[in-house]
>>> print(open('final_14.cif').read())   # mmCIF, C-alpha atoms and all ligand atoms
data_coords
#
loop_
_atom_site.label_atom_id
_atom_site.label_comp_id
_atom_site.auth_asym_id
_atom_site.auth_seq_id
_atom_site.Cartn_x
_atom_site.Cartn_y
_atom_site.Cartn_z
CA MET J 16 -36.23 -6.59 -11.94
CA THR J 17 -33.52 -4.30 -10.61
CA THR J 18 -30.17 -5.19 -12.09
CA ALA J 19 -26.86 -5.07 -10.26
CA ARG J 20 -25.82 -2.18 -12.50
CA GLN J 21 -28.85 -0.10 -11.46
CA ALA J 22 -28.60 -1.00 -7.76
CA LEU J 23 -24.92 -0.13 -7.68
CA ALA J 24 -25.59 3.29 -9.22
CA VAL J 25 -28.28 4.07 -6.61
CA ALA J 26 -26.16 2.84 -3.68
CA THR J 27 -23.07 4.71 -4.91
CA ALA J 28 -25.05 7.95 -4.94
CA ARG J 29 -26.18 7.31 -1.33
CA PHE J 30 -22.58 6.80 -0.18
CA GLY J 31 -21.36 10.28 -1.18
CA PHE J 32 -19.80 10.74 2.28
CA SER J 33 -17.43 7.83 1.67
CA ALA J 34 -13.99 8.12 0.04
CA THR J 35 -14.83 4.98 -1.95
CA PRO J 36 -18.59 5.01 -2.65
CA ARG J 37 -18.60 2.71 -5.70
CA LEU J 38 -16.24 0.20 -4.09
CA ASP J 39 -18.39 0.16 -0.94
CA ALA J 40 -21.49 -0.57 -3.02
CA GLU J 41 -19.75 -3.36 -4.93
CA LEU J 42 -18.42 -5.00 -1.75
CA LEU J 43 -21.86 -4.91 -0.13
CA LEU J 44 -23.62 -6.31 -3.19
CA ALA J 45 -21.04 -9.07 -3.58
CA HIS J 46 -21.57 -9.88 0.11
CA ALA J 47 -25.37 -9.97 -0.33
CA LEU J 48 -24.94 -12.32 -3.31
CA GLY J 49 -22.37 -14.49 -1.50
CA ILE J 50 -19.82 -14.09 -4.30
CA GLU J 51 -16.46 -12.40 -4.80
CA ARG J 52 -16.50 -8.79 -6.04
CA SER J 53 -14.51 -9.86 -9.10
CA VAL J 54 -17.29 -12.34 -9.98
CA LEU J 55 -19.99 -9.71 -9.45
CA LEU J 56 -18.28 -7.40 -11.93
CA LEU J 57 -18.39 -10.07 -14.66
CA ASP J 58 -22.18 -9.80 -14.92
CA LEU J 59 -23.84 -6.54 -13.89
CA ASP J 60 -27.16 -7.58 -15.44
CA ARG J 61 -27.82 -10.13 -12.69
CA ALA J 62 -30.73 -9.70 -10.26
CA VAL J 63 -30.21 -8.07 -6.87
CA PRO J 64 -31.25 -9.97 -3.71
CA ALA J 65 -33.72 -8.25 -1.36
CA ALA J 66 -31.12 -8.38 1.44
CA PHE J 67 -29.00 -5.74 -0.32
CA ALA J 68 -31.38 -2.91 0.67
CA ALA J 69 -30.73 -3.42 4.39
CA LEU J 70 -26.97 -3.41 3.83
CA VAL J 71 -27.24 -0.12 1.94
CA GLU J 72 -29.19 1.41 4.84
CA ARG J 73 -26.50 0.33 7.31
CA ARG J 74 -23.75 1.85 5.18
CA ALA J 75 -25.81 5.01 4.65
CA ALA J 76 -25.84 5.29 8.46
CA HIS J 77 -22.00 5.32 8.24
CA GLU J 78 -21.40 1.77 9.52
CA PRO J 79 -18.03 0.64 8.09
CA VAL J 80 -18.24 -1.80 5.18
CA ALA J 81 -15.93 -4.22 7.00
CA TYR J 82 -18.31 -4.46 9.97
CA ILE J 83 -21.25 -5.10 7.62
CA THR J 84 -19.49 -7.79 5.60
CA GLY J 85 -17.55 -9.14 8.61
CA SER J 86 -14.16 -9.08 6.92
CA ARG J 87 -11.38 -6.87 5.61
CA GLY J 88 -8.50 -7.68 3.30
CA PHE J 89 -5.02 -6.93 4.67
CA TRP J 90 -1.82 -7.83 2.81
CA THR J 91 -2.77 -11.23 1.36
CA LEU J 92 -5.20 -12.20 4.13
CA ASP J 93 -8.93 -11.86 4.54
CA LEU J 94 -9.41 -11.15 8.25
CA ALA J 95 -12.66 -11.54 10.22
CA VAL J 96 -13.53 -8.26 11.94
CA GLY J 97 -16.51 -6.77 13.73
CA PRO J 98 -17.55 -4.43 16.53
CA GLY J 99 -14.86 -4.23 19.22
CA ALA J 100 -11.96 -4.87 16.82
CA LEU J 101 -10.09 -2.16 14.92
CA ILE J 102 -10.50 -2.56 11.17
CA PRO J 103 -7.06 -3.15 9.58
CA ARG J 104 -5.78 -0.09 7.69
CA ALA J 105 -3.73 -0.09 4.49
CA ASP J 106 -1.17 2.22 6.20
CA SER J 107 -0.29 -0.64 8.56
CA GLU J 108 1.08 -2.61 5.60
CA THR J 109 4.09 -0.26 5.89
CA LEU J 110 5.01 -2.15 9.07
CA ILE J 111 4.83 -5.48 7.25
CA GLU J 112 7.11 -4.15 4.51
CA ALA J 113 9.55 -2.86 7.14
CA ALA J 114 9.60 -6.26 8.86
CA ILE J 115 10.29 -8.08 5.59
CA ALA J 116 13.09 -5.63 4.76
CA HIS J 117 14.71 -5.87 8.20
CA PHE J 118 14.63 -9.68 8.27
CA ALA J 119 15.45 -10.14 4.56
CA ASP J 120 18.43 -12.42 5.28
CA ARG J 121 16.89 -14.58 7.98
CA PRO J 122 13.35 -14.51 9.43
CA PRO J 123 12.90 -13.98 13.17
CA THR J 124 12.20 -17.06 15.30
CA THR J 125 9.60 -15.46 17.54
CA ILE J 126 7.27 -12.48 17.27
CA LEU J 127 5.35 -10.53 19.90
CA ASP J 128 2.43 -8.38 18.67
CA LEU J 129 1.29 -5.93 21.36
CA GLY J 130 -2.29 -4.79 20.77
CA THR J 131 -2.95 -7.41 18.13
CA GLY J 132 -6.63 -6.51 17.58
CA PRO J 133 -8.05 -9.12 15.18
CA GLY J 134 -4.51 -10.50 14.80
CA THR J 135 -3.65 -8.19 11.92
CA LEU J 136 0.13 -7.82 12.20
CA LEU J 137 0.96 -11.12 13.90
CA LEU J 138 -1.05 -13.35 11.57
CA THR J 139 0.18 -11.56 8.46
CA LEU J 140 3.80 -12.04 9.55
CA LEU J 141 3.22 -15.69 10.48
CA ASP J 142 1.67 -16.24 7.06
CA ILE J 143 4.75 -14.70 5.40
CA TRP J 144 7.19 -16.74 7.56
CA PRO J 145 5.79 -20.28 7.86
CA ASP J 146 8.29 -21.52 10.48
CA VAL J 147 7.85 -18.64 12.91
CA ARG J 148 5.78 -18.66 16.11
CA GLY J 149 4.29 -15.69 17.89
CA ILE J 150 2.17 -14.26 20.65
CA GLY J 151 -0.52 -11.64 20.21
CA VAL J 152 -1.64 -9.62 23.25
CA ASP J 153 -4.72 -7.45 23.52
CA ARG J 154 -6.70 -6.01 26.40
CA SER J 155 -9.96 -6.35 24.49
CA ALA J 156 -11.82 -9.66 24.74
CA ALA J 157 -13.90 -8.72 21.70
CA ALA J 158 -10.82 -8.08 19.56
CA LEU J 159 -9.25 -11.33 20.71
CA GLY J 160 -12.42 -13.19 19.72
CA TYR J 161 -11.80 -12.16 16.12
CA ALA J 162 -8.07 -12.87 16.47
CA ARG J 163 -8.88 -16.44 17.58
CA ARG J 164 -11.10 -16.97 14.54
CA ASN J 165 -8.38 -15.58 12.27
CA ALA J 166 -5.61 -17.59 13.95
CA THR J 167 -6.52 -20.71 11.98
CA ILE J 168 -4.41 -19.03 9.28
CA ALA J 169 -1.33 -19.76 11.40
CA GLY J 170 -2.19 -23.38 12.19
CA GLY J 171 -1.29 -23.38 15.89
CA ARG J 172 1.76 -21.08 15.64
CA ALA J 173 -0.09 -18.12 17.17
CA MET J 174 -0.84 -17.84 20.88
CA LEU J 175 -3.32 -15.16 21.91
CA VAL J 176 -3.30 -13.65 25.38
CA GLN J 177 -5.58 -11.13 27.04
CA GLY J 178 -3.66 -8.57 29.07
CA ASP J 179 -2.06 -5.17 29.44
CA TRP J 180 0.73 -4.74 26.87
CA ALA J 181 3.90 -6.71 27.69
CA THR J 182 2.92 -7.36 31.31
CA ALA J 183 0.96 -10.30 29.90
CA VAL J 184 4.00 -12.21 28.59
CA ALA J 185 7.43 -13.42 29.67
CA GLY J 186 10.59 -13.87 27.62
CA ARG J 187 12.31 -12.05 24.80
CA PHE J 188 11.27 -12.02 21.17
CA ASP J 189 13.25 -11.48 17.96
CA LEU J 190 10.61 -9.11 16.64
CA VAL J 191 8.21 -7.01 18.69
CA VAL J 192 5.52 -5.15 16.73
CA ALA J 193 2.82 -2.78 17.93
CA ASN J 194 0.27 -0.47 16.42
CA PRO J 195 -1.01 1.10 19.63
CA PRO J 196 -3.75 3.71 19.96
CA TYR J 197 -2.15 7.02 18.88
CA ILE J 198 -4.90 9.57 18.29
CA ALA J 199 -5.14 12.54 20.67
CA THR J 200 -8.09 12.07 22.99
CA GLY J 201 -10.87 14.43 21.95
CA ALA J 202 -9.77 14.64 18.30
CA THR J 203 -12.63 14.76 15.81
CA LEU J 204 -12.88 11.63 13.68
CA PRO J 205 -15.18 10.74 10.78
CA PRO J 206 -18.55 9.34 11.95
CA GLU J 207 -17.77 5.88 10.61
CA VAL J 208 -14.72 5.72 12.90
CA ALA J 209 -15.98 7.65 15.94
CA GLY J 210 -19.40 6.01 15.91
CA PHE J 211 -18.34 2.41 15.39
CA GLU J 212 -14.71 1.54 16.11
CA PRO J 213 -13.60 1.01 19.74
CA ALA J 214 -12.29 4.15 21.47
CA ALA J 215 -9.79 1.98 23.36
CA ALA J 216 -8.13 1.12 20.04
CA LEU J 217 -7.88 4.74 18.94
CA PHE J 218 -7.24 7.29 21.68
CA ALA J 219 -4.10 7.70 23.78
CA GLY J 220 -4.20 10.85 25.88
CA PRO J 221 -3.83 14.55 25.05
CA GLU J 222 -1.03 14.10 22.48
CA GLY J 223 -1.79 10.52 21.49
CA LEU J 224 1.48 9.45 23.11
CA ASP J 225 0.35 7.80 26.36
CA ASP J 226 0.65 4.23 25.06
CA TYR J 227 4.03 4.86 23.41
CA ARG J 228 5.30 6.08 26.80
CA ARG J 229 4.16 2.86 28.48
CA LEU J 230 5.42 0.67 25.67
CA ALA J 231 8.81 2.37 25.43
CA ALA J 232 9.45 1.62 29.09
CA MET J 233 8.69 -2.09 28.54
CA LEU J 234 10.35 -2.84 25.22
CA ARG J 235 13.97 -3.40 26.28
CA ALA J 236 12.81 -6.26 28.51
CA CYS J 237 10.84 -8.10 25.81
CA VAL J 238 13.02 -7.74 22.70
CA ALA J 239 16.02 -10.04 22.19
CA PRO J 240 19.41 -8.24 22.35
CA THR J 241 19.86 -8.51 18.57
CA GLY J 242 16.14 -8.24 17.83
CA ALA J 243 14.02 -5.42 16.47
CA VAL J 244 10.96 -3.40 17.41
CA LEU J 245 8.58 -1.98 14.83
CA LEU J 246 6.03 0.59 15.99
CA GLU J 247 3.37 2.19 13.83
CA ILE J 248 3.10 5.95 14.51
CA GLY J 249 0.90 8.89 13.59
CA PHE J 250 2.24 11.02 10.73
CA ASP J 251 3.44 13.77 13.12
CA GLN J 252 4.76 11.60 15.97
CA ALA J 253 8.17 10.54 14.62
CA ASP J 254 10.21 12.95 16.77
CA ALA J 255 8.29 12.30 19.98
CA VAL J 256 8.30 8.51 19.65
CA GLY J 257 11.94 8.52 18.50
CA ALA J 258 12.87 10.48 21.65
CA LEU J 259 10.98 8.03 23.91
CA LEU J 260 12.83 5.10 22.33
CA ALA J 261 16.22 6.86 22.45
CA GLU J 262 15.74 7.39 26.22
CA GLN J 263 15.48 3.60 26.52
CA GLY J 264 18.72 2.98 24.61
CA PHE J 265 17.30 2.28 21.15
CA ALA J 266 18.64 3.50 17.81
CA THR J 267 15.78 4.24 15.41
CA ARG J 268 15.04 4.51 11.71
CA LEU J 269 11.82 5.62 9.98
CA HIS J 270 9.79 3.90 7.27
CA HIS J 271 7.33 5.95 5.24
CA ASP J 272 3.86 5.04 3.97
CA LEU J 273 2.64 5.39 0.38
CA GLY J 274 1.61 8.98 1.10
CA GLY J 275 5.21 9.80 2.07
CA ASN J 276 4.43 10.17 5.79
CA PRO J 277 6.65 8.65 8.48
CA ARG J 278 4.52 5.67 9.54
CA VAL J 279 6.76 3.11 11.23
CA VAL J 280 9.72 3.38 13.60
CA LEU J 281 12.28 0.58 13.52
CA ALA J 282 14.14 0.39 16.83
CA VAL J 283 17.14 -1.78 17.69
CA ALA J 284 19.10 -1.79 20.91
CA ARG J 285 22.12 0.53 20.56
CA GLY J 286 25.07 -1.72 19.85
CA GLY J 287 22.59 -4.41 18.62
CA ALA J 288 21.61 -5.37 15.04
C1 LIG J 301 -4.78 0.67 16.80
S1 LIG J 301 -5.37 -0.89 17.35
C2 LIG J 301 -4.30 -2.00 16.42
C3 LIG J 301 -4.91 -3.32 16.05
C4 LIG J 301 -4.04 -4.15 15.11
N1 LIG J 301 -2.76 -4.45 15.72
C5 LIG J 301 -3.79 -3.42 13.80
O1 LIG J 301 -2.63 -3.05 13.55
O2 LIG J 301 -4.72 -3.19 13.02
C6 LIG J 301 -4.72 -0.94 18.99
C7 LIG J 301 -5.03 -2.21 19.76
O3 LIG J 301 -4.39 -2.10 21.04
C8 LIG J 301 -5.28 -2.64 22.01
N2 LIG J 301 -4.91 -2.08 23.32
C9 LIG J 301 -5.15 -0.83 23.79
N3 LIG J 301 -4.63 -0.69 25.03
C10 LIG J 301 -4.04 -1.87 25.33
C11 LIG J 301 -3.32 -2.34 26.47
N4 LIG J 301 -3.11 -1.57 27.54
N5 LIG J 301 -2.84 -3.61 26.44
C12 LIG J 301 -3.05 -4.40 25.35
N6 LIG J 301 -3.73 -4.01 24.26
C13 LIG J 301 -4.21 -2.75 24.24
C14 LIG J 301 -6.66 -2.26 21.52
O4 LIG J 301 -7.66 -3.08 22.09
C15 LIG J 301 -6.50 -2.45 20.01
O5 LIG J 301 -6.87 -3.74 19.62
#
>>> encode(input="final_14.cif", output="C-alpha cells", more="lines below")
Ligand SMILES: C[S@@+](CC[C@H](N)C(=O)[O-])C[C@H]1O[C@@H](n2cnc3c(N)ncnc32)[C@H](O)[C@@H]1O
Amino acid sequence: MTTARQALAVATARFGFSATPRLDAELLLAHALGIERSVLLLDLDRAVPAAFAALVERRAAHEPVAYITGSRGFWTLDLAVGPGALIPRADSETLIEAAIAHFADRPPTTILDLGTGPGTLLLTLLDIWPDVRGIGVDRSAAALGYARRNATIAGGRAMLVQGDWATAVAGRFDLVVANPPYIATGATLPPEVAGFEPAAALFAGPEGLDDYRRLAAMLRACVAPTGAVLLEIGFDQADAVGALLAEQGFATRLHHDLGGNPRVVLAVARGGA
C-alpha cells in the first residue's frame, strides 16, 4: 500500500516547476480523498486512492490546481472556478482591504463589479457587508456560469449580467470595483497561466492599458457623486492609470500589496468623498 506520505513526496518532486509543489500535492490528494487538507495532514499513513495518479498527471502537465479541484480560496470564501474563469489571486485581496478601509464608518449601499469573473470581488464584499446589494458584469458566459454557482453565498443580493463593462448596467453605485485584464498583449506568461486561463481575462493591448482607458471614460457615469472606485493595477501601471483617472476628474490614492507593489487605485470624484 502506498501511504499518503509516500505519494505526497513523489508528487512534490514532479511539481518542481511550481512555486508551491508540496501544497499543490496536498490539495490534490485531499481532493482525491474528498477531505479537507487539514484533515489529510492529521494522518499521513492513510491509503491513497487510485484517482490521485490522474490528478498528478494533470498537474504535471501544468494545469492549475484550482481547475483540477474546481475551487480556490479567496479571502474567507471558497469559490468554484474552472476553464473560462480567471482563478482568484491573493494580490486581489488588497482591493478588499482597501474597500473595508474606505468604508470603515459606513458600508456602501450598492456595489458594481466590472469584470466579475467567478464573482470574486463582488461576492467577497457582499459576504463582508450582509445588507449590501450588487451587480457583477462580465463579457464571458463561462465566467458568469461560475459566478452564478458562487452567488448562493450572497443569497439573492447579487445580480449577474453578461455585457461589455458598464454599458451593461444603468444607475450609479456607491462602490465600483474592477480588476480588468492588464497584461501587455504578447507578454510571456508561465505555462499554467498561458496554457489554461482565458486570454480575454489577461491581455489588454500593447501596454496592458486598453481596458483602463475604456473603463476610465465610463466610471464618472456609474459611480455615485460621493462614491468610490477601486481598480486593481499591474505593479508598474500606477502612473498611467492615475493619469487616465485624473483626466476624468478623479482624485486618486494607491494601496500596496504584501510585496510592497502599488496594486490598487482608489479614485473619488474631485470635490467628492
Ligand atoms: C482579470 S479578470 C478578473 C476576474 C475577477 N474580477 C477577479 O478579480 O479575480 C478580468 C475579467 O474581466 C472580464 N472582461 C474582459 N473584458 C471585458 C469587457 N469588455 N466587459 C466585461 N468584462 C470583461 C474577463 O472575462 C474576466 O473575467
>>> atom_distance(input="final_14.cif", atom1="CA of Leu48 in chain J", atom2="CA of Glu207 in chain J")
24.0 Å
>>> closest_atom_pairs(input="final_14.cif", of="chain J", to="ligand LIG 301 (chain J)", cutoff="8 Å", atoms="all atoms listed in the file", output="JSON lines")
{"residue": "J:Gly99", "atom": "CA", "partner": "J:LIG301", "partner_atom": "O4", "distance": 7.8}
{"residue": "J:Ala100", "atom": "CA", "partner": "J:LIG301", "partner_atom": "O5", "distance": 5.9}
{"residue": "J:Leu101", "atom": "CA", "partner": "J:LIG301", "partner_atom": "C3", "distance": 5.4}
{"residue": "J:Ile102", "atom": "CA", "partner": "J:LIG301", "partner_atom": "O2", "distance": 6.1}
{"residue": "J:Pro103", "atom": "CA", "partner": "J:LIG301", "partner_atom": "O2", "distance": 4.2}
{"residue": "J:Arg104", "atom": "CA", "partner": "J:LIG301", "partner_atom": "O2", "distance": 6.3}
{"residue": "J:Ser107", "atom": "CA", "partner": "J:LIG301", "partner_atom": "O1", "distance": 6.0}
{"residue": "J:Asp128", "atom": "CA", "partner": "J:LIG301", "partner_atom": "N1", "distance": 7.1}
{"residue": "J:Leu129", "atom": "CA", "partner": "J:LIG301", "partner_atom": "C12", "distance": 6.1}
{"residue": "J:Gly130", "atom": "CA", "partner": "J:LIG301", "partner_atom": "O3", "distance": 3.4}
{"residue": "J:Thr131", "atom": "CA", "partner": "J:LIG301", "partner_atom": "N1", "distance": 3.8}
{"residue": "J:Gly132", "atom": "CA", "partner": "J:LIG301", "partner_atom": "O5", "distance": 3.4}
{"residue": "J:Pro133", "atom": "CA", "partner": "J:LIG301", "partner_atom": "C4", "distance": 6.4}
{"residue": "J:Gly134", "atom": "CA", "partner": "J:LIG301", "partner_atom": "N1", "distance": 6.4}
{"residue": "J:Thr135", "atom": "CA", "partner": "J:LIG301", "partner_atom": "C5", "distance": 5.1}
{"residue": "J:Leu136", "atom": "CA", "partner": "J:LIG301", "partner_atom": "N1", "distance": 5.7}
{"residue": "J:Leu137", "atom": "CA", "partner": "J:LIG301", "partner_atom": "N1", "distance": 7.9}
{"residue": "J:Val152", "atom": "CA", "partner": "J:LIG301", "partner_atom": "C12", "distance": 5.8}
{"residue": "J:Asp153", "atom": "CA", "partner": "J:LIG301", "partner_atom": "N6", "distance": 3.7}
{"residue": "J:Arg154", "atom": "CA", "partner": "J:LIG301", "partner_atom": "C12", "distance": 4.1}
{"residue": "J:Ser155", "atom": "CA", "partner": "J:LIG301", "partner_atom": "O4", "distance": 4.7}
{"residue": "J:Ala158", "atom": "CA", "partner": "J:LIG301", "partner_atom": "O5", "distance": 5.9}
{"residue": "J:Gln177", "atom": "CA", "partner": "J:LIG301", "partner_atom": "C12", "distance": 7.4}
{"residue": "J:Gly178", "atom": "CA", "partner": "J:LIG301", "partner_atom": "C12", "distance": 5.6}
{"residue": "J:Asp179", "atom": "CA", "partner": "J:LIG301", "partner_atom": "N5", "distance": 3.5}
{"residue": "J:Trp180", "atom": "CA", "partner": "J:LIG301", "partner_atom": "N5", "distance": 3.8}
{"residue": "J:Ala181", "atom": "CA", "partner": "J:LIG301", "partner_atom": "N5", "distance": 7.5}
{"residue": "J:Ala193", "atom": "CA", "partner": "J:LIG301", "partner_atom": "N1", "distance": 6.2}
{"residue": "J:Asn194", "atom": "CA", "partner": "J:LIG301", "partner_atom": "C2", "distance": 4.8}
{"residue": "J:Pro195", "atom": "CA", "partner": "J:LIG301", "partner_atom": "C6", "distance": 4.3}
{"residue": "J:Pro196", "atom": "CA", "partner": "J:LIG301", "partner_atom": "C1", "distance": 4.5}
{"residue": "J:Tyr197", "atom": "CA", "partner": "J:LIG301", "partner_atom": "C1", "distance": 7.2}
{"residue": "J:Pro213", "atom": "CA", "partner": "J:LIG301", "partner_atom": "O4", "distance": 7.6}
{"residue": "J:Ala215", "atom": "CA", "partner": "J:LIG301", "partner_atom": "C9", "distance": 5.4}
{"residue": "J:Ala216", "atom": "CA", "partner": "J:LIG301", "partner_atom": "C15", "distance": 3.9}
{"residue": "J:Leu217", "atom": "CA", "partner": "J:LIG301", "partner_atom": "C1", "distance": 5.5}
{"residue": "J:Asp226", "atom": "CA", "partner": "J:LIG301", "partner_atom": "N3", "distance": 7.2}
{"residue": "J:Glu247", "atom": "CA", "partner": "J:LIG301", "partner_atom": "O1", "distance": 8.0}
>>> residues_around(input="final_14.cif", residues="Ala166 in chain J", least_positions_apart="2", cutoff="12 Å", atoms="all atoms listed in the file", output="CSV table (one decimal) with C-alpha atoms, keeping the file's coordinate frame")
chain,number,residue,atom,x,y,z
J,92,LEU,CA,-5.2,-12.2,4.1
J,93,ASP,CA,-8.9,-11.9,4.5
J,94,LEU,CA,-9.4,-11.2,8.2
J,95,ALA,CA,-12.7,-11.5,10.2
J,131,THR,CA,-3.0,-7.4,18.1
J,132,GLY,CA,-6.6,-6.5,17.6
J,133,PRO,CA,-8.0,-9.1,15.2
J,134,GLY,CA,-4.5,-10.5,14.8
J,135,THR,CA,-3.6,-8.2,11.9
J,136,LEU,CA,0.1,-7.8,12.2
J,137,LEU,CA,1.0,-11.1,13.9
J,138,LEU,CA,-1.0,-13.4,11.6
J,139,THR,CA,0.2,-11.6,8.5
J,140,LEU,CA,3.8,-12.0,9.6
J,141,LEU,CA,3.2,-15.7,10.5
J,142,ASP,CA,1.7,-16.2,7.1
J,148,ARG,CA,5.8,-18.7,16.1
J,149,GLY,CA,4.3,-15.7,17.9
J,150,ILE,CA,2.2,-14.3,20.6
J,151,GLY,CA,-0.5,-11.6,20.2
J,159,LEU,CA,-9.2,-11.3,20.7
J,160,GLY,CA,-12.4,-13.2,19.7
J,161,TYR,CA,-11.8,-12.2,16.1
J,162,ALA,CA,-8.1,-12.9,16.5
J,163,ARG,CA,-8.9,-16.4,17.6
J,164,ARG,CA,-11.1,-17.0,14.5
J,168,ILE,CA,-4.4,-19.0,9.3
J,169,ALA,CA,-1.3,-19.8,11.4
J,170,GLY,CA,-2.2,-23.4,12.2
J,171,GLY,CA,-1.3,-23.4,15.9
J,172,ARG,CA,1.8,-21.1,15.6
J,173,ALA,CA,-0.1,-18.1,17.2
J,174,MET,CA,-0.8,-17.8,20.9
J,175,LEU,CA,-3.3,-15.2,21.9
>>> axis_aligned_box(input="final_14.cif", around="range 264-275 of chain J", padding_each_side="8 Å", output="JSON")
{"center_x": 10.2, "center_y": 6.0, "center_z": 12.5, "size_x": 33.1, "size_y": 23.5, "size_z": 40.2}
>>> atom_distance(input="final_14.cif", atom1="CA of Leu190 in chain J", atom2="CA of Ala114 in chain J")
8.3 Å
>>> residues_around(input="final_14.cif", residues="range 274-281 of chain J", least_positions_apart="2", cutoff="7 Å", atoms="all atoms listed in the file", output="list in words")
Thr109, Leu110, Ala243, Val244, Leu245, Leu246, Glu247, Ile248, Gly249, Phe250, Ala253, Thr267, Arg268, Leu269, His270, His271, Asp272 and Val283 of chain J
>>> write_last_selection(input="final_14.cif", atoms="C-alpha atoms", output="short mmCIF file (atom, residue, chain, number, x, y, z; two decimals), in the coordinates of the input")
data_model
loop_
_atom_site.label_atom_id
_atom_site.label_comp_id
_atom_site.auth_asym_id
_atom_site.auth_seq_id
_atom_site.Cartn_x
_atom_site.Cartn_y
_atom_site.Cartn_z
CA THR J 109 4.09 -0.26 5.89
CA LEU J 110 5.01 -2.15 9.07
CA ALA J 243 14.02 -5.42 16.47
CA VAL J 244 10.96 -3.40 17.41
CA LEU J 245 8.58 -1.98 14.83
CA LEU J 246 6.03 0.59 15.99
CA GLU J 247 3.37 2.19 13.83
CA ILE J 248 3.10 5.95 14.51
CA GLY J 249 0.90 8.89 13.59
CA PHE J 250 2.24 11.02 10.73
CA ALA J 253 8.17 10.54 14.62
CA THR J 267 15.78 4.24 15.41
CA ARG J 268 15.04 4.51 11.71
CA LEU J 269 11.82 5.62 9.98
CA HIS J 270 9.79 3.90 7.27
CA HIS J 271 7.33 5.95 5.24
CA ASP J 272 3.86 5.04 3.97
CA VAL J 283 17.14 -1.78 17.69
#
>>> atom_distance(input="final_14.cif", atom1="CA of Tyr82 in chain J", atom2="CA of Ala69 in chain J")
13.7 Å
